[in-house]
Amino acid sequence: CLPFLDRFLRSGGWKPELPYPIRSANETTFGIIGLGRIGRTTLAHAKGFPFRFVAHDPYLDPQIVTDLGAEPLSLEEILKQSDILSLHTPLTPETYHLLNADRLRLMKPTAILVNTARGKVVDTIALAEALREGRLGAAGIDVFEEEPPPADHPLLSAPNVLVAPHWAWHSSDSKERLHKMGGEEALRGLRNEPLRSCVN
């Protein structure tokens, strides 16, 4: 809604008719797909709001999800119930286009999809179509299937979408921390110590 309000005000408007309804926080269901380190951090930050929290992670025992403060749901149910859905999955053969055209149709027409995980977790062409056709309320996209996206990518002209150039992680502190963590991991490898972020 923020890009719409920004354009509306800059064009001289005031008191707009919103393109989709906005629910109050205490009536909003906040969904998270993927409860690894980043998903759990997102959940912890979001708990400052009186949302109802739901989560889907097929690799976690449902009791762990409950202990983290979210209601465990199947993939189908989290898509149907979420007013805001935040993605935090790695890109694997199982998560490639996890949100495809059929699954996007399960979401509420007022729902907001946020992808800061990996671009190919979402079929972005299908997402752009859903936004254009009013089958999805809005999207916040920090990652694309191809980076940088081509200038004619449909998401760049779709309504109610806020895009960023894979920059959600960035701050002056995080950039320095990223380099330090890489050096520390290399040292662990050279010392034959267990790695914290092993990719194999």
# chains A, B, ... in the order shown; residues from 1 in each chain; ligands from 1
call {"tool": "residues_around", "arguments": {"residues": "Pro148 of chain A", "least_positions_apart": "6", "cutoff": "12 Å", "atoms": "only C-alpha atoms", "output": "ChimeraX atom specification"}}
result
/A:119,142,156,163-167
call {"tool": "write_last_selection", "arguments": {"atoms": "C-alpha atoms", "output": "PDB file, in the first residue's frame"}}
result
ATOM      1  CA  GLY A 119      13.896 -15.360  -6.275  1.00  0.00           C
ATOM      2  CA  ASP A 142      13.862  -8.195  -2.644  1.00  0.00           C
ATOM      3  CA  LEU A 156       8.531  -4.047 -12.384  1.00  0.00           C
ATOM      4  CA  VAL A 163      10.813  -4.039  -5.205  1.00  0.00           C
ATOM      5  CA  ALA A 164      14.405  -3.784  -3.977  1.00  0.00           C
ATOM      6  CA  PRO A 165      17.731  -4.935  -5.504  1.00  0.00           C
ATOM      7  CA  HIS A 166      18.501  -7.834  -3.108  1.00  0.00           C
ATOM      8  CA  TRP A 167      19.319  -5.244  -0.464  1.00  0.00           C
TER       9      TRP A 167
END
call {"tool": "residues_around", "arguments": {"residues": "Thr95 of chain A", "least_positions_apart": "3", "cutoff": "10 Å", "atoms": "only C-alpha atoms", "output": "ChimeraX atom specification"}}
result
/A:89-92,98-99,118,120-122
call {"tool": "write_last_selection", "arguments": {"atoms": "C-alpha atoms", "output": "tab-separated table (two decimals), in the first residue's frame"}}
result
chain	number	residue	atom	x	y	z
A	89	THR	CA	13.37	-20.96	2.59
A	90	PRO	CA	16.58	-21.92	0.82
A	91	LEU	CA	16.43	-22.65	-2.89
A	92	THR	CA	16.38	-26.43	-3.39
A	98	LEU	CA	7.18	-23.39	-4.33
A	99	LEU	CA	4.69	-20.60	-4.93
A	118	ARG	CA	15.48	-16.59	-3.05
A	120	LYS	CA	13.21	-18.79	-7.75
A	121	VAL	CA	11.11	-19.83	-4.74
A	122	VAL	CA	8.31	-17.84	-6.43
call {"tool": "closest_residue", "arguments": {"among": "A:Pro50, A:Gly34, A:Pro62, A:Gly134", "to": "Leu85 of chain A", "atoms": "only C-alpha atoms"}}
result
A:Gly34
call {"tool": "select_by_dssp", "arguments": {"residues": "segment 15-200 of chain A", "states": "alpha helix (DSSP H)", "output": "number ranges by chain"}}
result
A: 37-46, 62-67, 75-81, 101-104, 124-132, 172-190
call {"tool": "residues_around", "arguments": {"residues": "segment 101-114 of chain A", "least_positions_apart": "4", "cutoff": "10 Å", "atoms": "only C-alpha atoms", "output": "tab-separated table (two decimals) with all heavy atoms, in the first residue's frame"}}
result
chain	number	residue	atom	x	y	z
A	1	CYS	N	0.81	-1.19	0.00
A	1	CYS	CA	0.00	0.00	0.00
A	1	CYS	C	0.86	1.26	0.00
A	1	CYS	O	0.45	2.30	-0.48
A	1	CYS	CB	-0.91	-0.02	1.22
A	1	CYS	SG	-2.26	1.14	1.09
A	19	PRO	N	-6.42	0.46	-2.76
A	19	PRO	CA	-6.61	-0.57	-3.78
A	19	PRO	C	-7.05	-1.91	-3.20
A	19	PRO	O	-7.56	-2.76	-3.90
A	19	PRO	CB	-5.23	-0.68	-4.43
A	19	PRO	CG	-4.29	-0.17	-3.40
A	19	PRO	CD	-5.04	0.87	-2.62
A	20	TYR	N	-6.82	-2.11	-1.90
A	20	TYR	CA	-7.28	-3.33	-1.22
A	20	TYR	C	-7.41	-2.99	0.26
A	20	TYR	O	-6.74	-2.07	0.75
A	20	TYR	CB	-6.30	-4.50	-1.43
A	20	TYR	CG	-4.90	-4.22	-1.00
A	20	TYR	CD1	-4.47	-4.51	0.29
A	20	TYR	CD2	-3.99	-3.65	-1.88
A	20	TYR	CE1	-3.18	-4.24	0.69
A	20	TYR	CE2	-2.69	-3.37	-1.48
A	20	TYR	CZ	-2.30	-3.67	-0.19
A	20	TYR	OH	-1.02	-3.39	0.20
A	21	PRO	N	-8.27	-3.67	0.98
A	21	PRO	CA	-8.47	-3.34	2.40
A	21	PRO	C	-7.25	-3.69	3.25
A	21	PRO	O	-6.53	-4.64	2.95
A	21	PRO	CB	-9.69	-4.18	2.79
A	21	PRO	CG	-9.73	-5.28	1.81
A	21	PRO	CD	-9.15	-4.76	0.54
A	22	ILE	N	-7.05	-2.91	4.29
A	22	ILE	CA	-5.97	-3.18	5.23
A	22	ILE	C	-6.60	-3.56	6.56
A	22	ILE	O	-7.39	-2.80	7.12
A	22	ILE	CB	-5.07	-1.94	5.40
A	22	ILE	CG1	-4.38	-1.60	4.08
A	22	ILE	CG2	-4.02	-2.18	6.49
A	22	ILE	CD1	-3.54	-0.36	4.12
A	23	ARG	N	-6.25	-4.75	7.05
A	23	ARG	CA	-6.81	-5.23	8.30
A	23	ARG	C	-6.05	-4.62	9.47
A	23	ARG	O	-4.87	-4.28	9.36
A	23	ARG	CB	-6.72	-6.75	8.37
A	23	ARG	CG	-7.46	-7.47	7.26
A	23	ARG	CD	-7.23	-8.96	7.35
A	23	ARG	NE	-7.88	-9.54	8.51
A	23	ARG	CZ	-9.11	-10.03	8.51
A	23	ARG	NH1	-9.82	-10.03	7.40
A	23	ARG	NH2	-9.62	-10.55	9.60
A	28	THR	N	-4.92	-9.63	11.94
A	28	THR	CA	-4.03	-10.04	10.85
A	28	THR	C	-3.33	-11.35	11.18
A	28	THR	O	-2.80	-11.52	12.28
A	28	THR	CB	-2.99	-8.94	10.58
A	28	THR	OG1	-3.65	-7.76	10.13
A	28	THR	CG2	-1.97	-9.37	9.54
A	29	THR	N	-3.33	-12.26	10.22
A	29	THR	CA	-2.58	-13.50	10.34
A	29	THR	C	-1.27	-13.36	9.58
A	29	THR	O	-1.26	-13.12	8.38
A	29	THR	CB	-3.39	-14.69	9.79
A	29	THR	OG1	-4.58	-14.84	10.58
A	29	THR	CG2	-2.58	-15.98	9.84
A	30	PHE	N	-0.18	-13.49	10.34
A	30	PHE	CA	1.17	-13.36	9.78
A	30	PHE	C	1.75	-14.75	9.61
A	30	PHE	O	1.92	-15.47	10.59
A	30	PHE	CB	2.03	-12.52	10.72
A	30	PHE	CG	3.38	-12.15	10.17
A	30	PHE	CD1	3.61	-10.90	9.64
A	30	PHE	CD2	4.44	-13.06	10.21
A	30	PHE	CE1	4.86	-10.55	9.14
A	30	PHE	CE2	5.68	-12.72	9.72
A	30	PHE	CZ	5.90	-11.46	9.18
A	31	GLY	N	2.03	-15.13	8.37
A	31	GLY	CA	2.55	-16.46	8.09
A	31	GLY	C	4.02	-16.43	7.71
A	31	GLY	O	4.47	-15.50	7.04
A	32	ILE	N	4.72	-17.46	8.12
A	32	ILE	CA	6.13	-17.62	7.78
A	32	ILE	C	6.33	-19.02	7.20
A	32	ILE	O	5.95	-20.00	7.82
A	32	ILE	CB	7.04	-17.41	9.00
A	32	ILE	CG1	6.93	-15.97	9.52
A	32	ILE	CG2	8.50	-17.74	8.65
A	32	ILE	CD1	7.74	-15.71	10.77
A	75	LEU	N	1.23	-26.44	4.07
A	75	LEU	CA	1.50	-25.43	3.05
A	75	LEU	C	0.20	-24.86	2.49
A	75	LEU	O	0.04	-23.64	2.36
A	75	LEU	CB	2.36	-26.02	1.93
A	75	LEU	CG	2.70	-25.07	0.78
A	75	LEU	CD1	3.46	-23.85	1.30
A	75	LEU	CD2	3.50	-25.80	-0.28
A	76	GLU	N	-0.74	-25.73	2.20
A	76	GLU	CA	-2.02	-25.28	1.65
A	76	GLU	C	-2.75	-24.36	2.62
A	76	GLU	O	-3.26	-23.30	2.23
A	76	GLU	CB	-2.91	-26.48	1.32
A	76	GLU	CG	-4.25	-26.12	0.73
A	76	GLU	CD	-5.07	-27.32	0.31
A	76	GLU	OE1	-4.47	-28.35	-0.06
A	76	GLU	OE2	-6.31	-27.23	0.37
A	77	GLU	N	-2.77	-24.71	3.89
A	77	GLU	CA	-3.49	-23.90	4.88
A	77	GLU	C	-2.82	-22.56	5.15
A	77	GLU	O	-3.50	-21.55	5.34
A	77	GLU	CB	-3.69	-24.68	6.18
A	77	GLU	CG	-4.79	-25.70	6.11
A	77	GLU	CD	-6.13	-25.10	5.68
A	77	GLU	OE1	-6.52	-24.06	6.23
A	77	GLU	OE2	-6.79	-25.67	4.79
A	78	ILE	N	-1.49	-22.53	5.15
A	78	ILE	CA	-0.83	-21.25	5.42
A	78	ILE	C	-1.07	-20.29	4.26
A	78	ILE	O	-1.21	-19.08	4.46
A	78	ILE	CB	0.67	-21.43	5.73
A	78	ILE	CG1	1.20	-20.17	6.45
A	78	ILE	CG2	1.49	-21.69	4.48
A	78	ILE	CD1	2.59	-20.33	7.03
A	79	LEU	N	-1.15	-20.83	3.05
A	79	LEU	CA	-1.45	-19.98	1.89
A	79	LEU	C	-2.87	-19.43	1.99
A	79	LEU	O	-3.11	-18.25	1.70
A	79	LEU	CB	-1.26	-20.76	0.59
A	79	LEU	CG	0.17	-21.18	0.27
A	79	LEU	CD1	0.20	-22.10	-0.94
A	79	LEU	CD2	1.06	-19.97	0.03
A	80	LYS	N	-3.79	-20.25	2.42
A	80	LYS	CA	-5.19	-19.83	2.51
A	80	LYS	C	-5.44	-18.84	3.64
A	80	LYS	O	-6.29	-17.96	3.53
A	80	LYS	CB	-6.10	-21.05	2.72
A	80	LYS	CG	-6.25	-21.93	1.49
A	80	LYS	CD	-7.16	-23.11	1.82
A	80	LYS	CE	-7.38	-24.00	0.62
A	80	LYS	NZ	-8.25	-25.16	0.95
A	81	GLN	N	-4.71	-18.98	4.75
A	81	GLN	CA	-5.04	-18.21	5.94
A	81	GLN	C	-4.22	-16.93	6.13
A	81	GLN	O	-4.66	-16.02	6.83
A	81	GLN	CB	-4.86	-19.09	7.19
A	81	GLN	CG	-5.84	-20.25	7.24
A	81	GLN	CD	-5.74	-21.03	8.54
A	81	GLN	OE1	-5.45	-20.46	9.60
A	81	GLN	NE2	-5.99	-22.33	8.48
A	82	SER	N	-3.06	-16.82	5.53
A	82	SER	CA	-2.18	-15.69	5.80
A	82	SER	C	-2.66	-14.39	5.16
A	82	SER	O	-3.03	-14.36	3.99
A	82	SER	CB	-0.76	-15.98	5.30
A	82	SER	OG	-0.19	-17.05	6.02
A	83	ASP	N	-2.62	-13.32	5.96
A	83	ASP	CA	-2.82	-11.97	5.42
A	83	ASP	C	-1.49	-11.38	4.97
A	83	ASP	O	-1.44	-10.60	4.03
A	83	ASP	CB	-3.46	-11.07	6.49
A	83	ASP	CG	-4.84	-11.55	6.88
A	83	ASP	OD1	-5.72	-11.59	5.99
A	83	ASP	OD2	-5.04	-11.92	8.05
A	84	ILE	N	-0.43	-11.74	5.67
A	84	ILE	CA	0.93	-11.41	5.28
A	84	ILE	C	1.70	-12.72	5.29
A	84	ILE	O	1.63	-13.48	6.26
A	84	ILE	CB	1.59	-10.43	6.27
A	84	ILE	CG1	0.77	-9.14	6.39
A	84	ILE	CG2	3.03	-10.12	5.86
A	84	ILE	CD1	1.19	-8.25	7.55
A	85	LEU	N	2.42	-13.00	4.22
A	85	LEU	CA	3.17	-14.25	4.13
A	85	LEU	C	4.62	-13.92	3.80
A	85	LEU	O	4.91	-13.33	2.76
A	85	LEU	CB	2.59	-15.18	3.06
A	85	LEU	CG	3.26	-16.54	2.91
A	85	LEU	CD1	3.14	-17.35	4.20
A	85	LEU	CD2	2.66	-17.32	1.75
A	86	SER	N	5.52	-14.30	4.70
A	86	SER	CA	6.94	-14.02	4.54
A	86	SER	C	7.70	-15.30	4.27
A	86	SER	O	7.56	-16.28	5.02
A	86	SER	CB	7.45	-13.34	5.82
A	86	SER	OG	8.74	-12.82	5.65
A	87	LEU	N	8.51	-15.31	3.21
A	87	LEU	CA	9.22	-16.52	2.79
A	87	LEU	C	10.66	-16.51	3.28
A	87	LEU	O	11.38	-15.52	3.10
A	87	LEU	CB	9.21	-16.63	1.26
A	87	LEU	CG	7.84	-16.59	0.58
A	87	LEU	CD1	8.00	-16.73	-0.93
A	87	LEU	CD2	6.93	-17.66	1.13
A	88	HIS	N	11.08	-17.65	3.87
A	88	HIS	CA	12.44	-17.76	4.40
A	88	HIS	C	12.97	-19.17	4.17
A	88	HIS	O	13.46	-19.82	5.09
A	88	HIS	CB	12.44	-17.40	5.89
A	88	HIS	CG	11.97	-16.02	6.13
A	88	HIS	ND1	12.77	-14.92	5.90
A	88	HIS	CD2	10.77	-15.53	6.51
A	88	HIS	CE1	12.08	-13.81	6.15
A	88	HIS	NE2	10.86	-14.17	6.52
A	97	HIS	N	10.02	-22.68	-7.36
A	97	HIS	CA	8.63	-22.30	-7.67
A	97	HIS	C	7.66	-22.92	-6.66
A	97	HIS	O	6.57	-23.37	-7.03
A	97	HIS	CB	8.26	-22.67	-9.09
A	97	HIS	CG	8.82	-21.70	-10.10
A	97	HIS	ND1	8.47	-21.73	-11.42
A	97	HIS	CD2	9.70	-20.66	-9.98
A	97	HIS	CE1	9.12	-20.77	-12.08
A	97	HIS	NE2	9.87	-20.09	-11.21
A	122	VAL	N	9.60	-18.32	-5.91
A	122	VAL	CA	8.31	-17.84	-6.43
A	122	VAL	C	8.36	-17.78	-7.95
A	122	VAL	O	9.35	-17.31	-8.52
A	122	VAL	CB	8.00	-16.43	-5.87
A	122	VAL	CG1	6.69	-15.90	-6.45
A	122	VAL	CG2	7.95	-16.44	-4.36
A	123	ASP	N	7.32	-18.24	-8.60
A	123	ASP	CA	7.16	-18.04	-10.04
A	123	ASP	C	6.78	-16.57	-10.22
A	123	ASP	O	5.62	-16.19	-10.03
A	123	ASP	CB	6.07	-18.97	-10.58
A	123	ASP	CG	5.86	-18.82	-12.08
A	123	ASP	OD1	6.25	-17.78	-12.66
A	123	ASP	OD2	5.27	-19.73	-12.69
A	124	THR	N	7.76	-15.74	-10.55
A	124	THR	CA	7.52	-14.30	-10.56
A	124	THR	C	6.62	-13.85	-11.70
A	124	THR	O	5.97	-12.81	-11.60
A	124	THR	CB	8.85	-13.52	-10.58
A	124	THR	OG1	9.67	-14.01	-11.65
A	124	THR	CG2	9.59	-13.70	-9.27
A	125	ILE	N	6.58	-14.59	-12.78
A	125	ILE	CA	5.65	-14.26	-13.87
A	125	ILE	C	4.22	-14.47	-13.38
A	125	ILE	O	3.34	-13.63	-13.59
A	125	ILE	CB	5.94	-15.12	-15.13
A	125	ILE	CG1	7.39	-14.95	-15.59
A	125	ILE	CG2	4.95	-14.77	-16.24
A	125	ILE	CD1	7.78	-13.54	-15.95
A	126	ALA	N	3.99	-15.60	-12.71
A	126	ALA	CA	2.66	-15.88	-12.15
A	126	ALA	C	2.30	-14.87	-11.08
A	126	ALA	O	1.14	-14.46	-10.96
A	126	ALA	CB	2.62	-17.30	-11.59
A	127	LEU	N	3.29	-14.44	-10.29
A	127	LEU	CA	3.04	-13.43	-9.26
A	127	LEU	C	2.62	-12.11	-9.89
A	127	LEU	O	1.66	-11.48	-9.43
A	127	LEU	CB	4.30	-13.24	-8.41
A	127	LEU	CG	4.24	-12.10	-7.39
A	127	LEU	CD1	3.11	-12.30	-6.39
A	127	LEU	CD2	5.59	-11.97	-6.67
A	129	GLU	N	1.15	-11.67	-12.72
A	129	GLU	CA	-0.21	-11.85	-13.25
A	129	GLU	C	-1.24	-11.77	-12.13
A	129	GLU	O	-2.29	-11.14	-12.28
A	129	GLU	CB	-0.32	-13.20	-13.97
A	129	GLU	CG	0.42	-13.26	-15.28
A	129	GLU	CD	0.37	-14.65	-15.91
A	129	GLU	OE1	-0.31	-15.54	-15.35
A	129	GLU	OE2	1.01	-14.85	-16.95
A	130	ALA	N	-0.94	-12.40	-10.99
A	130	ALA	CA	-1.87	-12.37	-9.85
A	130	ALA	C	-2.08	-10.95	-9.36
A	130	ALA	O	-3.21	-10.54	-9.03
A	130	ALA	CB	-1.35	-13.25	-8.72
A	131	LEU	N	-1.03	-10.15	-9.32
A	131	LEU	CA	-1.15	-8.76	-8.90
A	131	LEU	C	-1.95	-7.94	-9.91
A	131	LEU	O	-2.82	-7.15	-9.55
A	131	LEU	CB	0.24	-8.15	-8.71
A	131	LEU	CG	1.04	-8.68	-7.51
A	131	LEU	CD1	2.52	-8.32	-7.64
A	131	LEU	CD2	0.46	-8.13	-6.20
A	133	GLU	N	-4.17	-8.99	-12.02
A	133	GLU	CA	-5.56	-9.43	-12.08
A	133	GLU	C	-6.31	-9.23	-10.77
A	133	GLU	O	-7.48	-9.58	-10.66
A	133	GLU	CB	-5.62	-10.90	-12.50
A	133	GLU	CG	-5.12	-11.14	-13.92
A	133	GLU	CD	-5.00	-12.61	-14.27
A	133	GLU	OE1	-5.38	-13.46	-13.43
A	133	GLU	OE2	-4.51	-12.91	-15.38
A	134	GLY	N	-5.65	-8.68	-9.75
A	134	GLY	CA	-6.30	-8.43	-8.47
A	134	GLY	C	-6.55	-9.67	-7.65
A	134	GLY	O	-7.36	-9.66	-6.73
A	135	ARG	N	-5.80	-10.76	-7.94
A	135	ARG	CA	-5.95	-11.99	-7.16
A	135	ARG	C	-5.03	-12.02	-5.95
A	135	ARG	O	-5.07	-12.95	-5.15
A	135	ARG	CB	-5.69	-13.21	-8.05
A	135	ARG	CG	-6.75	-13.42	-9.10
A	135	ARG	CD	-6.52	-14.71	-9.88
A	135	ARG	NE	-5.47	-14.57	-10.88
A	135	ARG	CZ	-4.26	-15.10	-10.78
A	135	ARG	NH1	-3.93	-15.82	-9.71
A	135	ARG	NH2	-3.37	-14.93	-11.72
A	136	LEU	N	-4.19	-11.01	-5.81
A	136	LEU	CA	-3.30	-10.87	-4.67
A	136	LEU	C	-3.21	-9.38	-4.35
A	136	LEU	O	-3.16	-8.55	-5.27
A	136	LEU	CB	-1.91	-11.44	-5.00
A	136	LEU	CG	-0.95	-11.63	-3.84
A	136	LEU	CD1	-1.46	-12.71	-2.89
A	136	LEU	CD2	0.44	-11.99	-4.34
A	137	GLY	N	-3.21	-9.05	-3.06
A	137	GLY	CA	-3.25	-7.64	-2.68
A	137	GLY	C	-1.99	-6.88	-3.01
A	137	GLY	O	-2.03	-5.81	-3.62
A	138	ALA	N	-0.84	-7.42	-2.60
A	138	ALA	CA	0.42	-6.71	-2.79
A	138	ALA	C	1.58	-7.66	-2.59
A	138	ALA	O	1.41	-8.79	-2.12
A	138	ALA	CB	0.52	-5.54	-1.81
A	139	ALA	N	2.77	-7.18	-2.94
A	139	ALA	CA	3.98	-7.98	-2.75
A	139	ALA	C	5.15	-7.06	-2.44
A	139	ALA	O	5.21	-5.93	-2.94
A	139	ALA	CB	4.28	-8.83	-3.98
A	140	GLY	N	6.06	-7.58	-1.62
A	140	GLY	CA	7.34	-6.94	-1.37
A	140	GLY	C	8.42	-7.91	-1.81
A	140	GLY	O	8.51	-9.02	-1.28
A	141	ILE	N	9.21	-7.53	-2.81
A	141	ILE	CA	10.15	-8.44	-3.44
A	141	ILE	C	11.57	-7.88	-3.38
A	141	ILE	O	11.83	-6.79	-3.90
A	141	ILE	CB	9.76	-8.71	-4.92
A	141	ILE	CG1	8.33	-9.25	-5.01
A	141	ILE	CG2	10.76	-9.63	-5.60
A	141	ILE	CD1	8.13	-10.60	-4.34
A	142	ASP	N	12.46	-8.61	-2.73
A	142	ASP	CA	13.86	-8.20	-2.64
A	142	ASP	C	14.76	-9.09	-3.49
A	142	ASP	O	15.94	-8.80	-3.66
A	142	ASP	CB	14.32	-8.23	-1.18
A	142	ASP	CG	15.74	-7.70	-1.01
A	142	ASP	OD1	16.01	-6.58	-1.48
A	142	ASP	OD2	16.57	-8.40	-0.41
A	143	VAL	N	14.21	-10.18	-4.01
A	143	VAL	CA	15.00	-11.15	-4.78
A	143	VAL	C	14.25	-11.52	-6.05
A	143	VAL	O	13.02	-11.57	-6.07
A	143	VAL	CB	15.29	-12.41	-3.93
A	143	VAL	CG1	16.30	-12.12	-2.85
A	143	VAL	CG2	14.01	-12.96	-3.30
A	160	ASN	N	0.90	-2.47	-7.02
A	160	ASN	CA	0.98	-2.85	-5.61
A	160	ASN	C	2.16	-3.75	-5.28
A	160	ASN	O	2.05	-4.68	-4.48
A	160	ASN	CB	-0.32	-3.55	-5.17
A	160	ASN	CG	-1.53	-2.70	-5.45
A	160	ASN	OD1	-1.46	-1.48	-5.45
A	160	ASN	ND2	-2.64	-3.35	-5.73
A	161	VAL	N	3.30	-3.45	-5.88
A	161	VAL	CA	4.50	-4.22	-5.57
A	161	VAL	C	5.63	-3.25	-5.24
A	161	VAL	O	5.79	-2.22	-5.89
A	161	VAL	CB	4.90	-5.17	-6.73
A	161	VAL	CG1	5.24	-4.43	-8.00
A	161	VAL	CG2	6.06	-6.06	-6.31
A	162	LEU	N	6.34	-3.57	-4.17
A	162	LEU	CA	7.51	-2.82	-3.75
A	162	LEU	C	8.72	-3.71	-4.01
A	162	LEU	O	8.78	-4.83	-3.51
A	162	LEU	CB	7.41	-2.47	-2.27
A	162	LEU	CG	8.48	-1.58	-1.66
A	162	LEU	CD1	8.44	-0.19	-2.30
A	162	LEU	CD2	8.28	-1.47	-0.16
A	163	VAL	N	9.66	-3.22	-4.83
A	163	VAL	CA	10.81	-4.04	-5.21
A	163	VAL	C	12.09	-3.40	-4.68
A	163	VAL	O	12.18	-2.18	-4.51
A	163	VAL	CB	10.91	-4.23	-6.74
A	163	VAL	CG1	9.75	-5.05	-7.26
A	163	VAL	CG2	10.99	-2.90	-7.46
call {"tool": "atom_distance", "arguments": {"atom1": "atom CA of Phe8 of chain A", "atom2": "atom CA of Phe51 of chain A"}}
result
28.0 Å
call {"tool": "select_by_dssp", "arguments": {"residues": "segment 58-146 of chain A", "states": "strand (DSSP E or B)", "output": "MDAnalysis selection string"}}
result
chainID A and resid 71:72 84:87 99 112:115 122 138:141
call {"tool": "atom_distance", "arguments": {"atom1": "atom CA of Ala55 of chain A", "atom2": "atom CA of Ser74 of chain A"}}
result
8.3 Å
call {"tool": "residues_around", "arguments": {"residues": "His56 of chain A", "least_positions_apart": "4", "cutoff": "6 Å", "atoms": "only C-alpha atoms", "output": "PyMOL selection string"}}
result
chain A and resi 33+72-73
call {"tool": "atom_distance", "arguments": {"atom1": "atom CA of Pro93 of chain A", "atom2": "atom CA of Ile64 of chain A"}}
result
24.7 Å
